[in-house]
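S.K.: I'd like to ask some things about the structure below.
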Amino acid sequence: AGSTLSLLIAMLLFCRSRRVKELGKLALVPGIFGINEPIIFGLPILLNPLMLVPTINIIISYFCMSIGLVPLCTGIAIPWTMPVIVSGFLATGWQGSVLQALLLVLGVFIYMPFIKMMDKQYLADETKTVESSEEDDISLDDLSFDDL
């Protein structure tokens with residue numbers, strides 16, 4: 001679903017806008033257990049080029065398994081909510097855990113420039129909103145219900 005745990009880590013480590021930080025905090029625990037909907041729909045990553053990360057993860061995993069660095073999956077049915085490194089251990093042993101940890105870190109670095117650009121835009125929007133709200137003080141003295 002987009003390797004969103006890497007994205008969450010990048011959001012929490014590198015972003016300064018309130019919107020992204022709060023979304024990252026809210027989505028971290030579900031993200032650890034593979035529940036990605038808060039991020040997929042909370043950030044505009046649906047139909048976005050950020051989806052490059054899962055493709056890279058699949059390619060790297062395939063080559064690691066095909067050359068024998070990581071054993072093939074044992075065929076065990078692992079629940080979809082199993083956290084990342086634990087699921088790798090259950091599926092292939094310690095090599096799978098190491099591969100998942102490396103892919104998690106790689107995903108953070110791939111997501112980092114994209115999330116920083118988005119964060120910069122959100123910071124500008126937040127600054128503009130604060131400035132405009134200070135300028136637009138509404139006076140209720142001129143309010144009249146006679147025209148209704």
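Chain labels A, B, ... are given in the sequence in which chains occur in the structure tokens; within each chain residues are numbered consecutively from 1, and ligands are likewise numbered from 1 in the order shown.
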Which residues are close to A:Met11, i.e. within 10 Å by only C-alpha atoms, leaving aside same-chain residues fewer than 3 positions away? Reply as an MDAnalysis selection string.

M.R.: chainID A and resid 5:8 14:17 20:25 28 108 111:112 115:116 119

S.K.: Report as a count of residues only all protein, DNA and RNA residues lying within 6 Å of stretch 32-45 of chain A, evaluated on only C-alpha atoms, omitting residues in the same chain fewer than 6 positions from it.

M.R.: 3

S.K.: Please provide as a PyMOL selection string all residues within 12 Å of A:Tyr62, with the sequence filter that same-chain residues fewer than 4 positions apart are discarded (counting only C-alpha atoms).

M.R.: chain A and resi 55-58+66-73+96+99

S.K.: Point out the residue among A:Val84, A:Leu13, A:Val130, A:Val98 with the least atom-to-atom distance to A:Cys64, counting only C-alpha atoms.

M.R.: A:Val98

S.K.: With only C-alpha atoms as the basis for distance, which of A:Arg19, A:Gly31, A:Val53, A:Pro79 is at the shortest distance from A:Gly107?

M.R.: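 Distance minimum relative to A:Gly107 lands on A:Val53.
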
S.K.: Could you tell me which of A:Glu131, A:Pro54, A:Gly75, A:Ser61 comes closest to A:Ser97 if we count only C-alpha atoms?

M.R.: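 Of A:Glu131, A:Pro54, A:Gly75, A:Ser61, the one nearest A:Ser97 is A:Ser61, counting only C-alpha atoms.
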
S.K.: Mind giving me the straight-line distance from atom CA of A:Gln100 to atom CA of A:Ile85 in Å, one decimal?

M.R.: 5.9 Å

S.K.: What does the distance from atom CA of A:Pro30 to atom CA of A:Leu123 come to in Å, to one decimal?

M.R.: 25.3 Å

S.K.: Between atom CA of A:Ala77 and atom CA of A:Leu104, measure the distance and give it in Å to one decimal.

M.R.: 21.9 Å
